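Chemist: See data.txt below, with compact mmCIF, N, CA and C atoms.
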# COMPACT_ATOMS: atom_id res chain seq x y z
N VAL A 1 -72.58 9.26 118.85
CA VAL A 1 -72.26 9.94 117.60
C VAL A 1 -73.30 11.03 117.38
N ASN A 2 -72.84 12.20 117.03
CA ASN A 2 -73.76 13.31 116.80
C ASN A 2 -73.72 13.68 115.32
N CYS A 3 -74.81 13.40 114.60
CA CYS A 3 -74.87 13.68 113.16
C CYS A 3 -74.70 15.16 112.88
N GLN A 4 -75.19 16.01 113.76
CA GLN A 4 -75.12 17.44 113.50
C GLN A 4 -73.69 17.95 113.47
N ASN A 5 -72.79 17.28 114.16
CA ASN A 5 -71.38 17.68 114.12
C ASN A 5 -70.79 17.50 112.73
N HIS A 6 -71.40 16.66 111.93
CA HIS A 6 -70.87 16.34 110.61
C HIS A 6 -71.75 16.89 109.49
N GLN A 7 -72.68 17.76 109.82
CA GLN A 7 -73.68 18.24 108.87
C GLN A 7 -73.07 18.81 107.58
N LYS A 8 -72.07 19.63 107.67
CA LYS A 8 -71.48 20.25 106.49
C LYS A 8 -70.80 19.23 105.60
N GLN A 9 -70.29 18.17 106.18
CA GLN A 9 -69.53 17.19 105.42
C GLN A 9 -70.41 16.20 104.67
N ILE A 10 -71.71 16.11 104.99
CA ILE A 10 -72.55 15.10 104.36
C ILE A 10 -73.47 15.68 103.29
N LYS A 11 -73.27 16.91 102.89
CA LYS A 11 -74.13 17.53 101.88
C LYS A 11 -74.05 16.82 100.54
N GLU A 12 -72.95 16.18 100.23
CA GLU A 12 -72.77 15.53 98.94
C GLU A 12 -73.40 14.14 98.89
N TYR A 13 -73.97 13.68 99.95
CA TYR A 13 -74.53 12.34 100.04
C TYR A 13 -76.04 12.41 100.17
N LYS A 14 -76.71 11.36 99.71
CA LYS A 14 -78.16 11.30 99.83
C LYS A 14 -78.54 10.05 100.61
N PHE A 15 -79.39 10.25 101.60
CA PHE A 15 -79.88 9.15 102.41
C PHE A 15 -81.40 9.23 102.47
N TYR A 16 -82.04 8.10 102.38
CA TYR A 16 -83.49 8.03 102.52
C TYR A 16 -83.76 7.20 103.77
N LEU A 17 -84.26 7.88 104.79
CA LEU A 17 -84.55 7.20 106.06
C LEU A 17 -86.01 6.80 106.08
N ASP A 18 -86.25 5.57 106.45
CA ASP A 18 -87.61 5.03 106.43
C ASP A 18 -87.81 4.19 107.68
N ALA A 19 -89.05 3.90 107.96
CA ALA A 19 -89.42 2.96 109.02
C ALA A 19 -90.81 2.45 108.69
N SER A 20 -91.14 1.31 109.21
CA SER A 20 -92.47 0.76 108.95
C SER A 20 -93.53 1.68 109.54
N ALA A 21 -94.73 1.57 108.99
CA ALA A 21 -95.84 2.39 109.50
C ALA A 21 -96.11 2.06 110.97
N ASP A 22 -95.97 0.79 111.33
CA ASP A 22 -96.19 0.40 112.73
C ASP A 22 -95.21 1.10 113.66
N VAL A 23 -93.95 1.12 113.27
CA VAL A 23 -92.91 1.74 114.11
C VAL A 23 -93.11 3.25 114.15
N ARG A 24 -93.40 3.87 113.01
CA ARG A 24 -93.61 5.32 113.01
C ARG A 24 -94.81 5.70 113.86
N ALA A 25 -95.87 4.90 113.80
CA ALA A 25 -97.05 5.17 114.62
C ALA A 25 -96.72 5.04 116.11
N LEU A 26 -95.98 4.00 116.47
CA LEU A 26 -95.61 3.81 117.87
C LEU A 26 -94.72 4.95 118.36
N ARG A 27 -93.77 5.38 117.53
CA ARG A 27 -92.91 6.50 117.91
C ARG A 27 -93.73 7.76 118.15
N ARG A 28 -94.65 8.04 117.25
CA ARG A 28 -95.49 9.23 117.41
C ARG A 28 -96.39 9.09 118.64
N PHE A 29 -96.97 7.92 118.82
CA PHE A 29 -97.84 7.66 119.97
C PHE A 29 -97.08 7.88 121.27
N ASN A 30 -95.85 7.40 121.33
CA ASN A 30 -95.03 7.52 122.53
C ASN A 30 -94.57 8.94 122.81
N GLN A 31 -94.64 9.81 121.82
CA GLN A 31 -94.32 11.23 122.05
C GLN A 31 -95.38 11.88 122.94
N GLY A 32 -96.58 11.30 122.98
CA GLY A 32 -97.63 11.78 123.85
C GLY A 32 -98.21 13.14 123.47
N VAL A 33 -98.14 13.49 122.21
CA VAL A 33 -98.63 14.81 121.79
C VAL A 33 -99.94 14.72 121.02
N SER A 34 -100.54 13.54 120.97
CA SER A 34 -101.77 13.36 120.22
C SER A 34 -102.81 12.67 121.09
N ASP A 35 -104.06 13.01 120.84
CA ASP A 35 -105.16 12.34 121.53
C ASP A 35 -105.63 11.11 120.76
N LEU A 36 -105.02 10.84 119.62
CA LEU A 36 -105.41 9.70 118.80
C LEU A 36 -104.88 8.40 119.39
N SER A 37 -105.60 7.31 119.11
CA SER A 37 -105.12 5.99 119.52
C SER A 37 -103.96 5.58 118.62
N LEU A 38 -103.26 4.56 119.01
CA LEU A 38 -102.14 4.05 118.22
C LEU A 38 -102.64 3.66 116.82
N GLU A 39 -103.76 2.98 116.75
CA GLU A 39 -104.31 2.55 115.46
C GLU A 39 -104.71 3.75 114.60
N GLU A 40 -105.30 4.76 115.21
CA GLU A 40 -105.68 5.97 114.46
C GLU A 40 -104.45 6.68 113.90
N ILE A 41 -103.40 6.72 114.69
CA ILE A 41 -102.15 7.34 114.22
C ILE A 41 -101.60 6.56 113.03
N LYS A 42 -101.61 5.24 113.13
CA LYS A 42 -101.12 4.40 112.03
C LYS A 42 -101.94 4.64 110.76
N ILE A 43 -103.24 4.69 110.88
CA ILE A 43 -104.10 4.94 109.71
C ILE A 43 -103.79 6.30 109.10
N SER A 44 -103.59 7.30 109.95
CA SER A 44 -103.24 8.64 109.47
C SER A 44 -101.91 8.63 108.71
N ILE A 45 -100.95 7.92 109.23
CA ILE A 45 -99.64 7.81 108.58
C ILE A 45 -99.77 7.13 107.22
N LEU A 46 -100.52 6.04 107.16
CA LEU A 46 -100.69 5.33 105.90
C LEU A 46 -101.40 6.19 104.86
N LYS A 47 -102.39 6.95 105.29
CA LYS A 47 -103.10 7.84 104.36
C LYS A 47 -102.15 8.92 103.84
N ARG A 48 -101.37 9.51 104.74
CA ARG A 48 -100.43 10.55 104.33
C ARG A 48 -99.37 10.00 103.39
N ASP A 49 -98.89 8.80 103.67
CA ASP A 49 -97.90 8.15 102.79
C ASP A 49 -98.47 7.99 101.38
N GLU A 50 -99.69 7.54 101.31
CA GLU A 50 -100.33 7.33 100.00
C GLU A 50 -100.45 8.65 99.24
N ILE A 51 -100.84 9.70 99.93
CA ILE A 51 -100.94 11.02 99.30
C ILE A 51 -99.57 11.49 98.84
N ASP A 52 -98.59 11.38 99.72
CA ASP A 52 -97.23 11.86 99.40
C ASP A 52 -96.61 11.11 98.23
N LYS A 53 -96.87 9.82 98.12
CA LYS A 53 -96.28 9.02 97.05
C LYS A 53 -96.95 9.24 95.70
N ASN A 54 -98.17 9.78 95.73
CA ASN A 54 -98.94 9.92 94.48
C ASN A 54 -99.14 11.37 94.05
N LYS A 55 -98.41 12.29 94.64
CA LYS A 55 -98.49 13.69 94.21
C LYS A 55 -98.01 13.81 92.77
N LYS A 56 -98.67 14.67 91.99
CA LYS A 56 -98.24 14.90 90.62
C LYS A 56 -96.91 15.65 90.58
N VAL A 57 -96.70 16.53 91.55
CA VAL A 57 -95.46 17.29 91.65
C VAL A 57 -94.87 17.08 93.04
N GLY A 58 -93.61 16.74 93.10
CA GLY A 58 -92.94 16.57 94.38
C GLY A 58 -93.32 15.31 95.13
N ALA A 59 -93.64 14.26 94.40
CA ALA A 59 -94.01 13.00 95.04
C ALA A 59 -92.84 12.44 95.84
N LEU A 60 -93.16 11.82 96.95
CA LEU A 60 -92.16 11.21 97.81
C LEU A 60 -91.64 9.95 97.14
N LYS A 61 -90.35 9.94 96.82
CA LYS A 61 -89.73 8.75 96.25
C LYS A 61 -88.26 8.73 96.62
N ILE A 62 -87.68 7.56 96.52
CA ILE A 62 -86.28 7.39 96.86
C ILE A 62 -85.45 7.76 95.64
N ALA A 63 -84.53 8.69 95.81
CA ALA A 63 -83.63 9.05 94.71
C ALA A 63 -82.78 7.84 94.34
N GLU A 64 -82.52 7.69 93.05
CA GLU A 64 -81.76 6.53 92.58
C GLU A 64 -80.37 6.44 93.22
N ASP A 65 -79.79 7.58 93.54
CA ASP A 65 -78.44 7.58 94.10
C ASP A 65 -78.43 7.71 95.62
N ALA A 66 -79.58 7.53 96.24
CA ALA A 66 -79.67 7.63 97.70
C ALA A 66 -79.42 6.27 98.36
N THR A 67 -78.85 6.31 99.52
CA THR A 67 -78.69 5.12 100.35
C THR A 67 -79.95 4.97 101.19
N TYR A 68 -80.61 3.84 101.07
CA TYR A 68 -81.84 3.56 101.81
C TYR A 68 -81.48 2.97 103.17
N ILE A 69 -82.05 3.55 104.23
CA ILE A 69 -81.82 3.04 105.58
C ILE A 69 -83.17 2.83 106.25
N ASP A 70 -83.45 1.59 106.59
CA ASP A 70 -84.67 1.28 107.34
C ASP A 70 -84.34 1.45 108.82
N THR A 71 -84.95 2.44 109.43
CA THR A 71 -84.65 2.77 110.83
C THR A 71 -85.57 2.07 111.82
N SER A 72 -86.42 1.19 111.33
CA SER A 72 -87.43 0.57 112.18
C SER A 72 -86.87 -0.03 113.46
N LEU A 73 -85.73 -0.68 113.37
CA LEU A 73 -85.17 -1.36 114.53
C LEU A 73 -83.91 -0.69 115.05
N LEU A 74 -83.69 0.56 114.64
CA LEU A 74 -82.46 1.27 115.00
C LEU A 74 -82.73 2.44 115.93
N THR A 75 -81.75 2.74 116.76
CA THR A 75 -81.80 3.96 117.57
C THR A 75 -81.27 5.12 116.72
N ILE A 76 -81.45 6.33 117.19
CA ILE A 76 -80.91 7.49 116.48
C ILE A 76 -79.40 7.37 116.36
N ASP A 77 -78.74 6.96 117.43
CA ASP A 77 -77.28 6.81 117.38
C ASP A 77 -76.85 5.77 116.35
N GLU A 78 -77.60 4.68 116.24
CA GLU A 78 -77.27 3.65 115.26
C GLU A 78 -77.43 4.18 113.83
N VAL A 79 -78.47 4.96 113.60
CA VAL A 79 -78.68 5.57 112.28
C VAL A 79 -77.51 6.50 111.96
N CYS A 80 -77.12 7.32 112.91
CA CYS A 80 -75.99 8.22 112.70
C CYS A 80 -74.71 7.45 112.40
N GLU A 81 -74.49 6.35 113.10
CA GLU A 81 -73.30 5.53 112.86
C GLU A 81 -73.29 4.99 111.44
N ILE A 82 -74.44 4.55 110.95
CA ILE A 82 -74.54 4.03 109.58
C ILE A 82 -74.21 5.13 108.58
N ILE A 83 -74.80 6.30 108.77
CA ILE A 83 -74.57 7.41 107.86
C ILE A 83 -73.10 7.81 107.86
N ILE A 84 -72.56 7.98 109.03
CA ILE A 84 -71.15 8.38 109.13
C ILE A 84 -70.25 7.30 108.53
N GLY A 85 -70.60 6.05 108.72
CA GLY A 85 -69.83 4.96 108.13
C GLY A 85 -69.87 5.00 106.60
N LYS A 86 -71.02 5.36 106.06
CA LYS A 86 -71.16 5.42 104.59
C LYS A 86 -70.33 6.55 103.98
N ILE A 87 -70.15 7.62 104.76
CA ILE A 87 -69.40 8.75 104.20
C ILE A 87 -67.94 8.73 104.66
N HIS A 88 -67.59 7.70 105.40
CA HIS A 88 -66.20 7.45 105.79
C HIS A 88 -65.57 8.62 106.54
N LEU A 89 -66.26 9.12 107.55
CA LEU A 89 -65.70 10.22 108.36
C LEU A 89 -64.79 9.65 109.42
What would you get if you wrote out this structure as structure tokens?
Modeler:
Amino acid sequence: VNCQNHQKQIKEYKFYLDASADVRALRRFNQGVSDLSLEEIKISILKRDEIDKNKKVGALKIAEDATYIDTSLLTIDEVCEIIIGKIHL
């Protein structure tokens, strides 16, 4: 499933994609674009999350009408399938 094929049709929907800090750190580590250790990447992610959630303006939060999707254990294709299923394409 290719989410980009349906991009115009999903503008009316809100999705909040999330993953655990451990999974996000591992994904970034596996990209091989950083000299940081896995633990250092995780600490960086946690610090950034804290900053983003506590901004006075534009704080990171889940919109009340958004569908929350935890992608921690999902592939990109599985995430796309969930989104497309929610919008009934």
Chemist: Please return as a PyMOL selection string: the residues of chain A that backbone DSSP assigns to strand (DSSP E).
Modeler: chain A and resi 15-18+67-70
Chemist: Take the residues just selected and output them with N, CA and C atoms as an mmCIF file, in the coordinates of the input.
Modeler:
data_model
loop_
_atom_site.group_PDB
_atom_site.id
_atom_site.type_symbol
_atom_site.label_atom_id
_atom_site.label_comp_id
_atom_site.auth_asym_id
_atom_site.auth_seq_id
_atom_site.Cartn_x
_atom_site.Cartn_y
_atom_site.Cartn_z
ATOM 1 N N PHE A 15 -79.390 10.250 101.600
ATOM 2 C CA PHE A 15 -79.880 9.150 102.410
ATOM 3 C C PHE A 15 -81.400 9.230 102.470
ATOM 4 N N TYR A 16 -82.040 8.100 102.380
ATOM 5 C CA TYR A 16 -83.490 8.030 102.520
ATOM 6 C C TYR A 16 -83.760 7.200 103.770
ATOM 7 N N LEU A 17 -84.260 7.880 104.790
ATOM 8 C CA LEU A 17 -84.550 7.200 106.060
ATOM 9 C C LEU A 17 -86.010 6.800 106.080
ATOM 10 N N ASP A 18 -86.250 5.570 106.450
ATOM 11 C CA ASP A 18 -87.610 5.030 106.430
ATOM 12 C C ASP A 18 -87.810 4.190 107.680
ATOM 13 N N THR A 67 -78.850 6.310 99.520
ATOM 14 C CA THR A 67 -78.690 5.120 100.350
ATOM 15 C C THR A 67 -79.950 4.970 101.190
ATOM 16 N N TYR A 68 -80.610 3.840 101.070
ATOM 17 C CA TYR A 68 -81.840 3.560 101.810
ATOM 18 C C TYR A 68 -81.480 2.970 103.170
ATOM 19 N N ILE A 69 -82.050 3.550 104.230
ATOM 20 C CA ILE A 69 -81.820 3.040 105.580
ATOM 21 C C ILE A 69 -83.170 2.830 106.250
ATOM 22 N N ASP A 70 -83.450 1.590 106.590
ATOM 23 C CA ASP A 70 -84.670 1.280 107.340
ATOM 24 C C ASP A 70 -84.340 1.450 108.820
#
Chemist: Quick one: residues within 7 Å of A:Phe15, all atoms listed in the file counted, chain neighbours fewer than 3 positions away excluded, as a PyMOL selection string?
Modeler: chain A and resi 65-69
Chemist: Write out as a PyMOL selection string the set of residues from stretch 16-84 of chain A that DSSP, computed on the backbone, places in helix (DSSP H, G or I).
Modeler: chain A and resi 21-31+38-53+76-84
Chemist: Could you give me, as a list in words, the residues within 7 Å of A:Lys42, counting all atoms listed in the file and dropping anything in the same chain fewer than 2 positions from it?
Modeler: Ala21, Asp22, Arg24, Ala25, Leu26, Ser37, Leu38, Glu39, Glu40, Ser44, Ile45, Leu46 and Lys47 of chain A
Chemist: For a test of reading the model, state the distance in Å between atom N of A:Lys14 and atom N of A:Asn54, rounded to one decimal.
Modeler: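 For atom N of A:Lys14 relative to atom N of A:Asn54, the distance reads 21.9 Å.
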Chemist: Rounded to one decimal, what separation in Å do you get between atom CA of A:Tyr13 and atom CA of A:Thr71?
Modeler: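 Atom CA of A:Tyr13 sits 17.6 Å away from atom CA of A:Thr71.
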Chemist: Would you compute the distance between atom N of A:Ala19 and atom CA of A:Leu73? Give it in Å to one decimal.
Modeler: 9.3 Å
